[in-house]
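Undergrad: Can you read through this structure? Questions will come right after.
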Amino acid sequence: MRAFVRDTAIAAPLAGINIDTDQIIPARFMKRSRADGYGQYLFHDHRFEPDGSPRPDFVLNRPEFAGARILVAGRNFGCGSSRESAVYALVDYGINAVLAPSFGDIFHSNALKNGLIPAALSEEIVGELRNALNAGPERAVSVDLEAQTVTLPGGGSHRFPIDPFWRECILKGVDEIDLTRGHLEQIEAFERRYEQDRPWVVLP
Amino acid sequence: PLSMFDKIWNSHVVVARDDGPSLIYIDRDMVHEGSFHAFADLRRRGLTVRRPKQMFGTADHYAPTAGRSLAHAATPEIGEVLRKFDDNMRWSGIRHFGLAHPHQGIVHVIGPELGITQPGLTIVCSDSHTSTHGALGAMAFGIGQSENALVLATQTLWQERPKTLRITVSGKRGPGISAKDVILAIIAKIGADGAGGHAIEYAGPVIRAMTIEERLTVCNMSIEAAARFGMVAPDEVTFQYLHGRPFAPAGDLWEQALTYWRTLPSDDGAVFEREIEVDGSSIEPMVTWGTSPEDAVPISARVPDPQAVADPRRRENSVKSLEYMELRPGQPMEGLAIDRVFIGSCTNSRIEDLRAAAAVFRGRRTAVPAMIVPGSTQVKREAEAEGLDRVFREAGAEWLESGCSMCVAMNGDRVAPGERCASTSNRNFIGRQGPQARTHLMSPAMAAAAAVTGKLADVRRLPRAG
Ligand code: SF4
């Protein structure tokens, strides 16, 4: 996975709660190979008019949020479809962290596997942060995975939770498949026991 | 005393860590065309699928509903995704059901139908509605492509143990109330983020009295309340359903499996981290008005007024939803004119769903275009053997080949911009059924009622046919 330690960047406040992965990337773009980059499809139908021109009112199209690498969103961000392409779109666009009160469970897992930091902060902090970002002029936020903190434009710092296991993996950019293959002996031992206990599960 | 979830989880732990996730053994991975990223990852690494016999593949998300060959694909790009799927399946040695295979169908329909889904199994699929399989007492959950690649390569996944939530549906369903109404009522009550981080066990007399197909509908939509897992304890109904299915254990193995399956239900006194009770007797036919499945109300209700919503964020969303849906607060749901109807998806495309729809179509004519897409090729055959296809055709509805179709509009079947669709699928998200499409979720009987009246209607009060 992609390593991440810390970043300070412009944060863009996204309106709404329950932003589902269909909003993050519409299904019709998912046929494409990752090699072509998914960033162009991020929030496609919110970012662009049907004729392909950018919608000036969408947050990522506003000049004050140009170059944003951090996204601030409402609760249950990334709910809905399991499409990892939602995370690909965010990562390929250049987003390194999403700050929200809560995340869709599958989105949360997918984000971790791609080194995208899903930092959960309280409803109040996220609300304040959105107001501050909309008001400006200070719009830089720091996300520090090592310290597990988010530092707001005003300077206040808040801790966010993350499993130590995933924190370690992302800090070091550990490859999950390699790591797990390191446990193959245990997996095989499990299977031998399992084949005895539940032979119907193991298909020939 | 342990919950069913605890029992299944505990028996699948390969490595337990104290700093977060455990390494969990995965019994079955079901793949579809959208899984191509995972296969690309394996190939790039020079790895193979470790236990291909425990995996199953089916073409569903991109499957053309007009016919069963690649030539029917709506665009060359879609044809390419389908071709790549066949290629990945041959490369990996995974047993798979391509477009023309008699076992083809939506992954969550064929799993149970073929007996691949069984109590006590851990089942994953790169699709969020994998919770469906929990209806048979499996621990089934949706995963992304990185996780998919990991399972294919190692048969395991790192997972944080979710909290447990029991939803007890008490009382008795009224006449004409479907499983879809029950789950929409639950989601409306607990919210689209109501069960985040939880594994749901559905219990209580209303759930117990359901057929397996009805339980599948309930578990299917767990993810719409943010739960990755939804389960029902296996019982005699489950065992009867599974017996004799192609991939269910047979002979001595069946007896052994049965003995184990009977130990799975939650023990008396098992503690759930959360408990919610829903009065099943008061549930009415439900329809959605907004762009989240939590926006569900009884058909007799009116479009809610966002100003009455206490939570400011939910209020803001309601305003946007109404704008998108082109609805006014206070407008009655009943009588709202619709442009088309979609009956299908892994929520409601099994034979009982089609029978419920056919009962409404029989002797009536559609007032708007209606598409009926069976959940699997086997369901299609079964419906045809019962003559349901004739009922649909005589009513003026389209009877098509199986797949996900207009649930997700990936195969080219889509709702036109601005159109209002009565749909038996599971998501009314903005643009889900096509850019600018407006979706109202409901049961198959309610969707059929909408088809024959051209409006949202209470199926229980439809004028008599013919
Ligand atoms: S029918 Fe819809 S929800 Fe179900 S698997 Fe297909 S796309 Fe997903």
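Letters A, B, ... mark the chains of the structure tokens in the order given; residue numbers begin at 1 per chain; ligand numbers begin at 1, in order shown.
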As a PyMOL selection string, list the residues of range 92-175 of chain B assigned to strand (DSSP E or B) by DSSP on the backbone atoms of this structure.

TA: chain B and resi 95-97+105+122-125+139-142+156-159+163-170

Undergrad: Keeping N, CA and C atoms, export the residues of the selection given above as a PDB file, in the first residue's frame.

TA:
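Ended up saving to part16.pdb:
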ATOM      1  N   ARG B  95     -14.587 -21.843 -10.880  1.00  0.00           N
ATOM      2  CA  ARG B  95     -15.824 -22.329 -11.493  1.00  0.00           C
ATOM      3  C   ARG B  95     -16.690 -21.109 -11.770  1.00  0.00           C
ATOM      4  N   HIS B  96     -17.119 -20.955 -13.014  1.00  0.00           N
ATOM      5  CA  HIS B  96     -17.862 -19.729 -13.280  1.00  0.00           C
ATOM      6  C   HIS B  96     -19.026 -19.938 -14.222  1.00  0.00           C
ATOM      7  N   PHE B  97     -19.977 -19.048 -14.070  1.00  0.00           N
ATOM      8  CA  PHE B  97     -21.219 -19.121 -14.810  1.00  0.00           C
ATOM      9  C   PHE B  97     -21.307 -17.886 -15.695  1.00  0.00           C
ATOM     10  N   GLY B 105     -26.479 -15.733 -13.028  1.00  0.00           N
ATOM     11  CA  GLY B 105     -27.449 -14.856 -12.370  1.00  0.00           C
ATOM     12  C   GLY B 105     -26.751 -13.868 -11.474  1.00  0.00           C
ATOM     13  N   THR B 122     -18.063 -18.261   6.104  1.00  0.00           N
ATOM     14  CA  THR B 122     -17.677 -16.880   5.838  1.00  0.00           C
ATOM     15  C   THR B 122     -17.654 -16.718   4.319  1.00  0.00           C
ATOM     16  N   ILE B 123     -18.421 -15.743   3.847  1.00  0.00           N
ATOM     17  CA  ILE B 123     -18.567 -15.532   2.405  1.00  0.00           C
ATOM     18  C   ILE B 123     -18.277 -14.071   2.099  1.00  0.00           C
ATOM     19  N   VAL B 124     -17.421 -13.834   1.118  1.00  0.00           N
ATOM     20  CA  VAL B 124     -17.184 -12.458   0.704  1.00  0.00           C
ATOM     21  C   VAL B 124     -17.438 -12.317  -0.789  1.00  0.00           C
ATOM     22  N   CYS B 125     -17.632 -11.097  -1.203  1.00  0.00           N
ATOM     23  CA  CYS B 125     -17.815 -10.779  -2.614  1.00  0.00           C
ATOM     24  C   CYS B 125     -17.560  -9.292  -2.725  1.00  0.00           C
ATOM     25  N   MET B 139     -21.862 -15.733   7.661  1.00  0.00           N
ATOM     26  CA  MET B 139     -21.259 -14.439   7.961  1.00  0.00           C
ATOM     27  C   MET B 139     -20.729 -13.913   6.630  1.00  0.00           C
ATOM     28  N   ALA B 140     -21.536 -13.088   5.988  1.00  0.00           N
ATOM     29  CA  ALA B 140     -21.245 -12.693   4.609  1.00  0.00           C
ATOM     30  C   ALA B 140     -21.119 -11.192   4.534  1.00  0.00           C
ATOM     31  N   PHE B 141     -20.092 -10.716   3.837  1.00  0.00           N
ATOM     32  CA  PHE B 141     -19.892  -9.265   3.796  1.00  0.00           C
ATOM     33  C   PHE B 141     -19.199  -8.809   2.534  1.00  0.00           C
ATOM     34  N   GLY B 142     -19.491  -7.576   2.182  1.00  0.00           N
ATOM     35  CA  GLY B 142     -18.930  -6.979   0.982  1.00  0.00           C
ATOM     36  C   GLY B 142     -17.516  -6.498   1.225  1.00  0.00           C
ATOM     37  N   THR B 156      -7.733 -15.497   3.200  1.00  0.00           N
ATOM     38  CA  THR B 156      -7.952 -14.829   4.489  1.00  0.00           C
ATOM     39  C   THR B 156      -8.101 -13.318   4.312  1.00  0.00           C
ATOM     40  N   LEU B 157      -8.554 -12.673   5.365  1.00  0.00           N
ATOM     41  CA  LEU B 157      -8.728 -11.214   5.398  1.00  0.00           C
ATOM     42  C   LEU B 157      -8.437 -10.702   6.794  1.00  0.00           C
ATOM     43  N   TRP B 158      -7.868  -9.517   6.889  1.00  0.00           N
ATOM     44  CA  TRP B 158      -7.727  -8.841   8.176  1.00  0.00           C
ATOM     45  C   TRP B 158      -9.007  -8.081   8.447  1.00  0.00           C
ATOM     46  N   GLN B 159      -9.650  -8.397   9.529  1.00  0.00           N
ATOM     47  CA  GLN B 159     -10.935  -7.762   9.834  1.00  0.00           C
ATOM     48  C   GLN B 159     -11.006  -7.322  11.284  1.00  0.00           C
ATOM     49  N   LYS B 163     -19.288  -4.700  16.084  1.00  0.00           N
ATOM     50  CA  LYS B 163     -20.173  -4.859  17.241  1.00  0.00           C
ATOM     51  C   LYS B 163     -21.422  -5.597  16.767  1.00  0.00           C
ATOM     52  N   THR B 164     -22.176  -6.145  17.723  1.00  0.00           N
ATOM     53  CA  THR B 164     -23.381  -6.871  17.334  1.00  0.00           C
ATOM     54  C   THR B 164     -24.631  -6.059  17.670  1.00  0.00           C
ATOM     55  N   LEU B 165     -25.603  -6.191  16.805  1.00  0.00           N
ATOM     56  CA  LEU B 165     -26.883  -5.486  16.966  1.00  0.00           C
ATOM     57  C   LEU B 165     -27.993  -6.474  16.648  1.00  0.00           C
ATOM     58  N   ARG B 166     -28.933  -6.636  17.593  1.00  0.00           N
ATOM     59  CA  ARG B 166     -30.073  -7.505  17.283  1.00  0.00           C
ATOM     60  C   ARG B 166     -31.285  -6.624  17.015  1.00  0.00           C
ATOM     61  N   ILE B 167     -31.910  -6.859  15.865  1.00  0.00           N
ATOM     62  CA  ILE B 167     -33.145  -6.153  15.532  1.00  0.00           C
ATOM     63  C   ILE B 167     -34.276  -7.166  15.610  1.00  0.00           C
ATOM     64  N   THR B 168     -35.137  -6.971  16.579  1.00  0.00           N
ATOM     65  CA  THR B 168     -36.243  -7.901  16.788  1.00  0.00           C
ATOM     66  C   THR B 168     -37.505  -7.297  16.184  1.00  0.00           C
ATOM     67  N   VAL B 169     -38.092  -8.008  15.231  1.00  0.00           N
ATOM     68  CA  VAL B 169     -39.328  -7.528  14.624  1.00  0.00           C
ATOM     69  C   VAL B 169     -40.472  -8.320  15.245  1.00  0.00           C
ATOM     70  N   SER B 170     -41.226  -7.640  16.104  1.00  0.00           N
ATOM     71  CA  SER B 170     -42.259  -8.325  16.883  1.00  0.00           C
ATOM     72  C   SER B 170     -43.598  -8.279  16.155  1.00  0.00           C
TER      73      SER B 170
END

Undergrad: Around ligand 1, which protein and nucleic acid residues have at least one atom no more than 10 Å from it, if we count only C-alpha atoms and all ligand atoms? List them as number ranges by chain.

TA: A: 27, 80-82; B: 32, 60-63, 105-109, 125-130, 132, 220-221, 344-349, 373, 375, 402-411, 424-427, 432-433

Undergrad: Determine, counting only C-alpha atoms, which protein, DNA and RNA residues have an atom within 9 Å of an atom of Met442 in chain B; residues of the same chain fewer than 5 positions away are not included. Present the result as a ChimeraX atom specification.

TA: /B:180-181,184,285-288,296,422-426,447

Undergrad: Can those selected residues be exported to a file as an mmCIF file, in the first residue's frame so that it contains C-alpha atoms?

TA:
data_model
loop_
_atom_site.group_PDB
_atom_site.id
_atom_site.type_symbol
_atom_site.label_atom_id
_atom_site.label_comp_id
_atom_site.auth_asym_id
_atom_site.auth_seq_id
_atom_site.Cartn_x
_atom_site.Cartn_y
_atom_site.Cartn_z
ATOM 1 C CA LYS B 180 -39.249 -5.207 1.443
ATOM 2 C CA ASP B 181 -41.712 -3.143 3.471
ATOM 3 C CA LEU B 184 -37.540 -0.248 4.455
ATOM 4 C CA PRO B 285 -46.445 -0.783 2.281
ATOM 5 C CA MET B 286 -43.425 1.517 2.044
ATOM 6 C CA VAL B 287 -42.085 3.822 -0.674
ATOM 7 C CA THR B 288 -39.124 6.171 -0.698
ATOM 8 C CA ALA B 296 -38.939 5.694 3.278
ATOM 9 C CA ALA B 422 -40.689 2.834 -9.427
ATOM 10 C CA SER B 423 -38.022 0.275 -8.650
ATOM 11 C CA THR B 424 -37.675 -2.872 -6.569
ATOM 12 C CA SER B 425 -33.924 -2.344 -6.222
ATOM 13 C CA ASN B 426 -32.134 -1.165 -3.095
ATOM 14 C CA ALA B 447 -43.965 -1.672 -8.281
#

Undergrad: Write out as a VMD selection string each polymer residue whose atoms come within 8 Å of Phe36 in chain B, counting only C-alpha atoms; drop sequence neighbours fewer than 4 positions from it.

TA: chain B and resid 40 84 to 85 88

Undergrad: Would you save the residues from that selection as a CSV table (one decimal), in the first residue's frame, using N, CA and C atoms?

TA:
chain,number,residue,atom,x,y,z
B,40,ALA,N,-6.1,-8.3,-11.9
B,40,ALA,CA,-5.0,-7.6,-12.5
B,40,ALA,C,-3.9,-7.5,-11.5
B,84,LYS,N,-13.1,-10.0,-20.6
B,84,LYS,CA,-12.0,-10.0,-19.6
B,84,LYS,C,-12.4,-10.9,-18.5
B,85,PHE,N,-13.7,-10.9,-18.1
B,85,PHE,CA,-14.2,-11.7,-17.0
B,85,PHE,C,-14.0,-13.2,-17.3
B,88,ASN,N,-10.3,-14.0,-17.1
B,88,ASN,CA,-9.8,-14.2,-15.8
B,88,ASN,C,-10.3,-15.5,-15.1

Undergrad: Using only C-alpha atoms, determine which residues of chain B fall within 6 Å of chain A; present them as a ChimeraX atom specification.

TA: /B:19-20,53-54,127-128,144,150,193,249,253,317,410

Undergrad: Within 8 Å of Val13 in chain B, counting only C-alpha atoms, which residues show up once you throw out same-chain ones fewer than 2 positions away? Write them as a PyMOL selection string, please.

TA: chain B and resi 9-11+15-16+22-25

Undergrad: Do a neighbour search on Phe48 in chain A at 10 Å with only C-alpha atoms, toss out local chain neighbours closer than 6 positions, and write the hits as a list in words.

TA: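 In the requested form, the answer reads Tyr41, Pro54, Arg55, Pro56, Phe58 and Asn61 of chain A.
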
Undergrad: Considering only C-alpha atoms, state which residue in the set B:Ile143, B:Val303, B:Val81, B:Ala359 is at the smallest distance from Met30 in chain B.

TA: B:Ile143

Undergrad: Which distance in Å separates CA of Ala310 in chain B and CA of Ala135 in chain A, to one decimal?

TA: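 Rounded to one decimal, the two atoms are 24.7 Å apart.
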
Undergrad: Quick check, in Å to one decimal: how far apart do CA of Thr366 in chain B and CA of Glu334 in chain B lie?

TA: 17.4 Å

Undergrad: What is the CA of Ile10 in chain A-CA of Phe43 in chain A distance in Å, reported with one decimal?

TA: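 Taking CA of Ile10 in chain A as the start and CA of Phe43 in chain A as the end point, the length is 17.9 Å.
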
Undergrad: Give me the residues near Ala465 in chain B as a list of chain:residue names, where near means some atom within 9 Å (using only C-alpha atoms) and where sequence neighbours in that chain fewer than 4 positions away do not count.

TA: B:Val360, B:Phe361, B:Arg362, B:Gly363, B:Arg364

Undergrad: Counting only C-alpha atoms, figure out which residue out of B:Ile223, B:Met371, B:Val452, B:Ala185 gets nearest to Ser282 in chain B.

TA: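 Among the listed residues, the smallest separation from Ser282 in chain B belongs to B:Ala185.
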
Undergrad: Going by DSSP on the backbone, which bits of range 45-242 of chain B are alpha helix (DSSP H)? Write them as an MDAnalysis selection string, please.

TA: chainID B and resid 45 76:92 107:113 145:154 179:190 205:208 212:220 236:242

Undergrad: Ranking A:Pro101, A:Pro13, A:Gly37, A:Gly94 by minimum distance to Val59 in chain A and counting only C-alpha atoms, which one comes first?

TA: A:Pro13
